[in-house]
Amino acid sequence: MGLDNENPTLFDKSEERKVSEKELDDNEAEEFDSREIFDLIRGITDPEHPLSLEELRVVDQSLIEVEDSINTVKVLFTPTIPHCSMATLIGLSIKVRLLWCLPPRFKISVTITPGTHASEHAINKQLDDKERVAAALENTHLSTVLNKCIATA
């Protein structure tokens with residue numbers, strides 16, 4: 001079986017975020033922002049290609065909303081093609097990375113950018129179902145694939 005997208009378009013990576021003295025001060029409380037969330041997920045590897053989600057423009061900082069005061073993080077991701085069979089796995093990789101890295105106070109929403117995938121509603125429903133996400137993490141094969149995608153982030 002061939003790849004869904006054998007020749008994906010590549011995009012330039014963003015510059016590394018400059019870290020301020022205030023951010024390095026452990027005694028200083030700071031809010032999470034969209035750039036910080038982007039930095040957590042930009043390096044996740046695509047399941048089909050040895051490329052990052054940022055390089056494929058599957059994730060983009062402009063599609064991330066953070067409301068630290070009400071503990072919400074919303075990430076939209078854009079599959080490279082409208083029938084991408086890896087979209088659920090990509091969304092799961094993003095969600096799991098954020099679940100592992102963010103404080104548990106956050107409600108994390110990961111959904112497909114509207115109008116960019118043929119099965120966006122079904123995939124969004126799966127990604128929003130806590131029991132399905134937990135079951136996916138208990139699946140040894142799926143967990144191995146997720147860990148490989150997330151390892152480079």
# chains A, B, ... in the order shown; residues from 1 in each chain; ligands from 1

call {"tool": "select_by_dssp", "arguments": {"residues": "range 19-150 of chain A", "states": "alpha helix (DSSP H)", "output": "PyMOL selection string"}}
result
chain A and resi 21-24+34-41+87-101+120-127+130-138+140-150

call {"tool": "closest_atom_pairs", "arguments": {"of": "range 62-98 of chain A", "to": "range 104-125 of chain A", "cutoff": "7 Å", "atoms": "only C-alpha atoms", "output": "Markdown table"}}
result
| residue | atom | partner | partner_atom | distance |
| --- | --- | --- | --- | --- |
| A:Asn71 | CA | A:Phe106 | CA | 4.5 |
| A:Thr72 | CA | A:Lys107 | CA | 4.9 |
| A:Val73 | CA | A:Ile108 | CA | 4.9 |
| A:Lys74 | CA | A:Ser109 | CA | 4.7 |
| A:Val75 | CA | A:Val110 | CA | 4.8 |
| A:Leu76 | CA | A:Thr111 | CA | 5.0 |
| A:Phe77 | CA | A:Ile112 | CA | 5.0 |
| A:Thr78 | CA | A:Thr113 | CA | 5.4 |
| A:Pro79 | CA | A:Thr116 | CA | 6.8 |
| A:Pro82 | CA | A:His117 | CA | 4.1 |
| A:His83 | CA | A:Ala118 | CA | 5.8 |
| A:Thr88 | CA | A:Ile123 | CA | 5.9 |
| A:Gly91 | CA | A:Val110 | CA | 6.4 |
| A:Lys95 | CA | A:Val110 | CA | 6.2 |

call {"tool": "atom_distance", "arguments": {"atom1": "CA of Leu89 in chain A", "atom2": "CA of Val145 in chain A"}}
result
8.7 Å

call {"tool": "closest_atom_pairs", "arguments": {"of": "range 68-115 of chain A", "to": "range 35-55 of chain A", "cutoff": "9 Å", "atoms": "only C-alpha atoms", "output": "CSV"}}
result
residue,atom,partner,partner_atom,distance
A:Val73,CA,A:Ile37,CA,8.3
A:Val75,CA,A:Ile37,CA,8.7
A:Met86,CA,A:Pro47,CA,7.0
A:Leu89,CA,A:Pro47,CA,7.7
A:Ile90,CA,A:Asp46,CA,7.0
A:Ser93,CA,A:Ile44,CA,7.5
A:Ile94,CA,A:Ile41,CA,6.2
A:Arg97,CA,A:Ile41,CA,6.9
A:Leu98,CA,A:Leu40,CA,7.3
A:Cys101,CA,A:Leu40,CA,7.8
A:Leu102,CA,A:Ile37,CA,8.9

call {"tool": "write_last_selection", "arguments": {"atoms": "N, CA and C atoms", "output": "PDB file, in the first residue's frame"}}
result
ATOM      1  N   VAL A  73      -7.230  25.028  26.024  1.00  0.00           N
ATOM      2  CA  VAL A  73      -6.319  25.055  24.888  1.00  0.00           C
ATOM      3  C   VAL A  73      -7.076  24.445  23.714  1.00  0.00           C
ATOM      4  N   VAL A  75      -6.644  23.528  19.638  1.00  0.00           N
ATOM      5  CA  VAL A  75      -5.723  23.395  18.519  1.00  0.00           C
ATOM      6  C   VAL A  75      -6.501  22.894  17.308  1.00  0.00           C
ATOM      7  N   MET A  86      -4.328   9.188   7.943  1.00  0.00           N
ATOM      8  CA  MET A  86      -3.557   9.345   9.179  1.00  0.00           C
ATOM      9  C   MET A  86      -4.076  10.482  10.062  1.00  0.00           C
ATOM     10  N   LEU A  89      -4.681   9.655  13.756  1.00  0.00           N
ATOM     11  CA  LEU A  89      -3.407   9.417  14.436  1.00  0.00           C
ATOM     12  C   LEU A  89      -2.656  10.729  14.676  1.00  0.00           C
ATOM     13  N   ILE A  90      -2.695  11.624  13.712  1.00  0.00           N
ATOM     14  CA  ILE A  90      -2.041  12.931  13.877  1.00  0.00           C
ATOM     15  C   ILE A  90      -2.724  13.713  15.003  1.00  0.00           C
ATOM     16  N   SER A  93      -1.795  12.241  18.288  1.00  0.00           N
ATOM     17  CA  SER A  93      -0.419  12.599  18.651  1.00  0.00           C
ATOM     18  C   SER A  93      -0.363  13.988  19.274  1.00  0.00           C
ATOM     19  N   ILE A  94      -1.081  14.927  18.680  1.00  0.00           N
ATOM     20  CA  ILE A  94      -1.116  16.290  19.211  1.00  0.00           C
ATOM     21  C   ILE A  94      -1.748  16.292  20.602  1.00  0.00           C
ATOM     22  N   ARG A  97       0.504  14.541  23.264  1.00  0.00           N
ATOM     23  CA  ARG A  97       1.664  15.392  23.598  1.00  0.00           C
ATOM     24  C   ARG A  97       1.250  16.494  24.579  1.00  0.00           C
ATOM     25  N   LEU A  98       0.121  17.120  24.320  1.00  0.00           N
ATOM     26  CA  LEU A  98      -0.350  18.192  25.203  1.00  0.00           C
ATOM     27  C   LEU A  98      -0.810  17.648  26.556  1.00  0.00           C
ATOM     28  N   CYS A 101       2.291  17.119  28.569  1.00  0.00           N
ATOM     29  CA  CYS A 101       3.135  18.288  28.862  1.00  0.00           C
ATOM     30  C   CYS A 101       2.454  19.397  29.657  1.00  0.00           C
ATOM     31  N   LEU A 102       1.155  19.510  29.552  1.00  0.00           N
ATOM     32  CA  LEU A 102       0.455  20.605  30.216  1.00  0.00           C
ATOM     33  C   LEU A 102      -0.064  20.195  31.590  1.00  0.00           C
TER      34      LEU A 102
END

call {"tool": "atom_distance", "arguments": {"atom1": "CA of Lys148 in chain A", "atom2": "CA of Leu99 in chain A"}}
result
16.3 Å

call {"tool": "closest_residue", "arguments": {"among": "A:Leu92, A:Ile81, A:Phe32, A:Leu142", "to": "Ser69 in chain A", "atoms": "only C-alpha atoms"}}
result
A:Phe32

call {"tool": "select_by_dssp", "arguments": {"residues": "chain A", "states": "strand (DSSP E or B)", "output": "NGL selection string"}}
result
:A and (45 or 52 or 64-67 or 72-77 or 107-112)

call {"tool": "write_last_selection", "arguments": {"atoms": "N, CA, C and O atoms", "output": "PDB file, in the first residue's frame"}}
result
ATOM      1  N   THR A  45       6.406  14.229  14.605  1.00  0.00           N
ATOM      2  CA  THR A  45       6.685  13.684  13.277  1.00  0.00           C
ATOM      3  C   THR A  45       5.415  13.139  12.637  1.00  0.00           C
ATOM      4  O   THR A  45       4.618  12.474  13.293  1.00  0.00           O
ATOM      5  N   SER A  52       8.289  17.032  10.159  1.00  0.00           N
ATOM      6  CA  SER A  52       7.504  17.509  11.302  1.00  0.00           C
ATOM      7  C   SER A  52       6.152  18.043  10.835  1.00  0.00           C
ATOM      8  O   SER A  52       5.977  18.423   9.673  1.00  0.00           O
ATOM      9  N   ILE A  64      -4.062  28.128  16.954  1.00  0.00           N
ATOM     10  CA  ILE A  64      -4.028  27.700  18.353  1.00  0.00           C
ATOM     11  C   ILE A  64      -4.594  28.818  19.218  1.00  0.00           C
ATOM     12  O   ILE A  64      -4.197  29.969  19.076  1.00  0.00           O
ATOM     13  N   GLU A  65      -5.544  28.461  20.086  1.00  0.00           N
ATOM     14  CA  GLU A  65      -6.121  29.420  21.034  1.00  0.00           C
ATOM     15  C   GLU A  65      -5.857  28.923  22.450  1.00  0.00           C
ATOM     16  O   GLU A  65      -6.116  27.759  22.755  1.00  0.00           O
ATOM     17  N   VAL A  66      -5.366  29.818  23.292  1.00  0.00           N
ATOM     18  CA  VAL A  66      -5.135  29.491  24.691  1.00  0.00           C
ATOM     19  C   VAL A  66      -5.834  30.532  25.544  1.00  0.00           C
ATOM     20  O   VAL A  66      -5.664  31.731  25.328  1.00  0.00           O
ATOM     21  N   GLU A  67      -6.644  30.062  26.463  1.00  0.00           N
ATOM     22  CA  GLU A  67      -7.264  30.951  27.453  1.00  0.00           C
ATOM     23  C   GLU A  67      -6.849  30.416  28.820  1.00  0.00           C
ATOM     24  O   GLU A  67      -7.532  29.590  29.416  1.00  0.00           O
ATOM     25  N   THR A  72      -8.251  26.579  29.063  1.00  0.00           N
ATOM     26  CA  THR A  72      -8.564  25.897  27.804  1.00  0.00           C
ATOM     27  C   THR A  72      -7.463  26.092  26.767  1.00  0.00           C
ATOM     28  O   THR A  72      -6.864  27.161  26.668  1.00  0.00           O
ATOM     29  N   VAL A  73      -7.230  25.028  26.024  1.00  0.00           N
ATOM     30  CA  VAL A  73      -6.319  25.055  24.888  1.00  0.00           C
ATOM     31  C   VAL A  73      -7.076  24.445  23.714  1.00  0.00           C
ATOM     32  O   VAL A  73      -7.597  23.332  23.821  1.00  0.00           O
ATOM     33  N   LYS A  74      -7.153  25.182  22.610  1.00  0.00           N
ATOM     34  CA  LYS A  74      -7.818  24.685  21.403  1.00  0.00           C
ATOM     35  C   LYS A  74      -6.814  24.693  20.261  1.00  0.00           C
ATOM     36  O   LYS A  74      -6.231  25.728  19.956  1.00  0.00           O
ATOM     37  N   VAL A  75      -6.644  23.528  19.638  1.00  0.00           N
ATOM     38  CA  VAL A  75      -5.723  23.395  18.519  1.00  0.00           C
ATOM     39  C   VAL A  75      -6.501  22.894  17.308  1.00  0.00           C
ATOM     40  O   VAL A  75      -7.181  21.868  17.381  1.00  0.00           O
ATOM     41  N   LEU A  76      -6.395  23.626  16.217  1.00  0.00           N
ATOM     42  CA  LEU A  76      -6.905  23.155  14.936  1.00  0.00           C
ATOM     43  C   LEU A  76      -5.709  22.615  14.156  1.00  0.00           C
ATOM     44  O   LEU A  76      -4.639  23.229  14.167  1.00  0.00           O
ATOM     45  N   PHE A  77      -5.873  21.473  13.492  1.00  0.00           N
ATOM     46  CA  PHE A  77      -4.807  20.973  12.636  1.00  0.00           C
ATOM     47  C   PHE A  77      -5.367  20.705  11.251  1.00  0.00           C
ATOM     48  O   PHE A  77      -6.557  20.440  11.080  1.00  0.00           O
ATOM     49  N   LYS A 107      -8.316  21.950  29.806  1.00  0.00           N
ATOM     50  CA  LYS A 107      -9.201  21.184  28.911  1.00  0.00           C
ATOM     51  C   LYS A 107      -8.599  21.365  27.523  1.00  0.00           C
ATOM     52  O   LYS A 107      -8.460  22.495  27.040  1.00  0.00           O
ATOM     53  N   ILE A 108      -8.218  20.282  26.906  1.00  0.00           N
ATOM     54  CA  ILE A 108      -7.534  20.325  25.610  1.00  0.00           C
ATOM     55  C   ILE A 108      -8.482  19.866  24.513  1.00  0.00           C
ATOM     56  O   ILE A 108      -9.034  18.774  24.579  1.00  0.00           O
ATOM     57  N   SER A 109      -8.642  20.716  23.518  1.00  0.00           N
ATOM     58  CA  SER A 109      -9.475  20.387  22.358  1.00  0.00           C
ATOM     59  C   SER A 109      -8.580  20.372  21.120  1.00  0.00           C
ATOM     60  O   SER A 109      -7.902  21.353  20.821  1.00  0.00           O
ATOM     61  N   VAL A 110      -8.576  19.242  20.427  1.00  0.00           N
ATOM     62  CA  VAL A 110      -7.814  19.102  19.180  1.00  0.00           C
ATOM     63  C   VAL A 110      -8.808  18.707  18.102  1.00  0.00           C
ATOM     64  O   VAL A 110      -9.447  17.656  18.205  1.00  0.00           O
ATOM     65  N   THR A 111      -8.959  19.548  17.091  1.00  0.00           N
ATOM     66  CA  THR A 111      -9.914  19.277  16.009  1.00  0.00           C
ATOM     67  C   THR A 111      -9.308  19.630  14.653  1.00  0.00           C
ATOM     68  O   THR A 111      -8.347  20.397  14.566  1.00  0.00           O
ATOM     69  N   ILE A 112      -9.917  19.073  13.631  1.00  0.00           N
ATOM     70  CA  ILE A 112      -9.488  19.350  12.258  1.00  0.00           C
ATOM     71  C   ILE A 112     -10.010  20.722  11.830  1.00  0.00           C
ATOM     72  O   ILE A 112     -11.152  21.082  12.127  1.00  0.00           O
TER      73      ILE A 112
END

call {"tool": "decode", "arguments": {"residues": "range 41-52 of chain A", "atoms": "all heavy atoms", "output": "mmCIF file, in the first residue's frame"}}
result
data_model
loop_
_atom_site.group_PDB
_atom_site.id
_atom_site.type_symbol
_atom_site.label_atom_id
_atom_site.label_comp_id
_atom_site.auth_asym_id
_atom_site.auth_seq_id
_atom_site.Cartn_x
_atom_site.Cartn_y
_atom_site.Cartn_z
ATOM 1 N N ILE A 41 4.143 21.180 20.055
ATOM 2 C CA ILE A 41 3.624 20.241 19.044
ATOM 3 C C ILE A 41 4.285 20.364 17.671
ATOM 4 O O ILE A 41 4.123 19.480 16.832
ATOM 5 C CB ILE A 41 2.087 20.382 18.886
ATOM 6 C CG1 ILE A 41 1.693 21.774 18.389
ATOM 7 C CG2 ILE A 41 1.404 20.034 20.203
ATOM 8 C CD1 ILE A 41 0.207 21.944 18.107
ATOM 9 N N ARG A 42 5.023 21.405 17.433
ATOM 10 C CA ARG A 42 5.585 21.647 16.093
ATOM 11 C C ARG A 42 6.517 20.545 15.607
ATOM 12 O O ARG A 42 6.613 20.255 14.415
ATOM 13 C CB ARG A 42 6.275 23.006 16.050
ATOM 14 C CG ARG A 42 7.523 23.058 16.907
ATOM 15 C CD ARG A 42 8.059 24.441 17.108
ATOM 16 N NE ARG A 42 8.823 24.882 15.971
ATOM 17 C CZ ARG A 42 9.581 25.963 15.960
ATOM 18 N NH1 ARG A 42 9.660 26.736 17.030
ATOM 19 N NH2 ARG A 42 10.245 26.285 14.890
ATOM 20 N N GLY A 43 7.235 19.896 16.526
ATOM 21 C CA GLY A 43 8.206 18.886 16.141
ATOM 22 C C GLY A 43 7.665 17.469 16.062
ATOM 23 O O GLY A 43 8.411 16.541 15.745
ATOM 24 N N ILE A 44 6.376 17.277 16.322
ATOM 25 C CA ILE A 44 5.789 15.940 16.191
ATOM 26 C C ILE A 44 5.992 15.471 14.754
ATOM 27 O O ILE A 44 5.776 16.226 13.804
ATOM 28 C CB ILE A 44 4.283 15.958 16.553
ATOM 29 C CG1 ILE A 44 4.099 16.294 18.036
ATOM 30 C CG2 ILE A 44 3.635 14.607 16.224
ATOM 31 C CD1 ILE A 44 2.647 16.522 18.434
ATOM 32 N N THR A 45 6.406 14.229 14.605
ATOM 33 C CA THR A 45 6.685 13.684 13.277
ATOM 34 C C THR A 45 5.415 13.139 12.637
ATOM 35 O O THR A 45 4.618 12.474 13.293
ATOM 36 C CB THR A 45 7.734 12.554 13.375
ATOM 37 O OG1 THR A 45 8.890 13.055 14.035
ATOM 38 C CG2 THR A 45 8.128 12.045 11.998
ATOM 39 N N ASP A 46 5.261 13.409 11.356
ATOM 40 C CA ASP A 46 4.146 12.859 10.586
ATOM 41 C C ASP A 46 4.296 11.332 10.539
ATOM 42 O O ASP A 46 5.415 10.833 10.380
ATOM 43 C CB ASP A 46 4.181 13.439 9.167
ATOM 44 C CG ASP A 46 3.050 12.933 8.316
ATOM 45 O OD1 ASP A 46 1.954 13.505 8.405
ATOM 46 O OD2 ASP A 46 3.262 11.960 7.562
ATOM 47 N N PRO A 47 3.197 10.582 10.691
ATOM 48 C CA PRO A 47 3.305 9.111 10.692
ATOM 49 C C PRO A 47 3.772 8.521 9.362
ATOM 50 O O PRO A 47 4.294 7.409 9.327
ATOM 51 C CB PRO A 47 1.882 8.630 10.998
ATOM 52 C CG PRO A 47 1.092 9.818 11.370
ATOM 53 C CD PRO A 47 1.844 11.036 10.963
ATOM 54 N N GLU A 48 3.594 9.251 8.253
ATOM 55 C CA GLU A 48 3.970 8.728 6.934
ATOM 56 C C GLU A 48 5.322 9.208 6.438
ATOM 57 O O GLU A 48 5.929 8.569 5.594
ATOM 58 C CB GLU A 48 2.932 9.145 5.882
ATOM 59 C CG GLU A 48 1.664 8.386 5.923
ATOM 60 C CD GLU A 48 0.805 8.646 4.692
ATOM 61 O OE1 GLU A 48 0.733 9.804 4.234
ATOM 62 O OE2 GLU A 48 0.218 7.687 4.199
ATOM 63 N N HIS A 49 5.752 10.357 6.915
ATOM 64 C CA HIS A 49 6.974 10.975 6.395
ATOM 65 C C HIS A 49 7.904 11.339 7.544
ATOM 66 O O HIS A 49 7.442 11.633 8.639
ATOM 67 C CB HIS A 49 6.630 12.259 5.624
ATOM 68 C CG HIS A 49 5.704 12.051 4.480
ATOM 69 N ND1 HIS A 49 6.105 11.525 3.282
ATOM 70 C CD2 HIS A 49 4.375 12.287 4.349
ATOM 71 C CE1 HIS A 49 5.074 11.450 2.465
ATOM 72 N NE2 HIS A 49 4.009 11.900 3.083
ATOM 73 N N PRO A 50 9.204 11.398 7.288
ATOM 74 C CA PRO A 50 10.139 11.811 8.347
ATOM 75 C C PRO A 50 10.194 13.340 8.453
ATOM 76 O O PRO A 50 11.253 13.946 8.478
ATOM 77 C CB PRO A 50 11.474 11.218 7.864
ATOM 78 C CG PRO A 50 11.365 11.257 6.371
ATOM 79 C CD PRO A 50 9.904 10.979 6.073
ATOM 80 N N LEU A 51 9.026 13.950 8.474
ATOM 81 C CA LEU A 51 8.919 15.414 8.499
ATOM 82 C C LEU A 51 8.061 15.821 9.688
ATOM 83 O O LEU A 51 7.186 15.083 10.122
ATOM 84 C CB LEU A 51 8.265 15.910 7.198
ATOM 85 C CG LEU A 51 8.994 15.541 5.906
ATOM 86 C CD1 LEU A 51 8.095 15.780 4.702
ATOM 87 C CD2 LEU A 51 10.282 16.338 5.789
ATOM 88 N N SER A 52 8.289 17.032 10.159
ATOM 89 C CA SER A 52 7.504 17.509 11.302
ATOM 90 C C SER A 52 6.152 18.043 10.835
ATOM 91 O O SER A 52 5.977 18.423 9.673
ATOM 92 C CB SER A 52 8.269 18.613 12.039
ATOM 93 O OG SER A 52 8.278 19.807 11.275
#
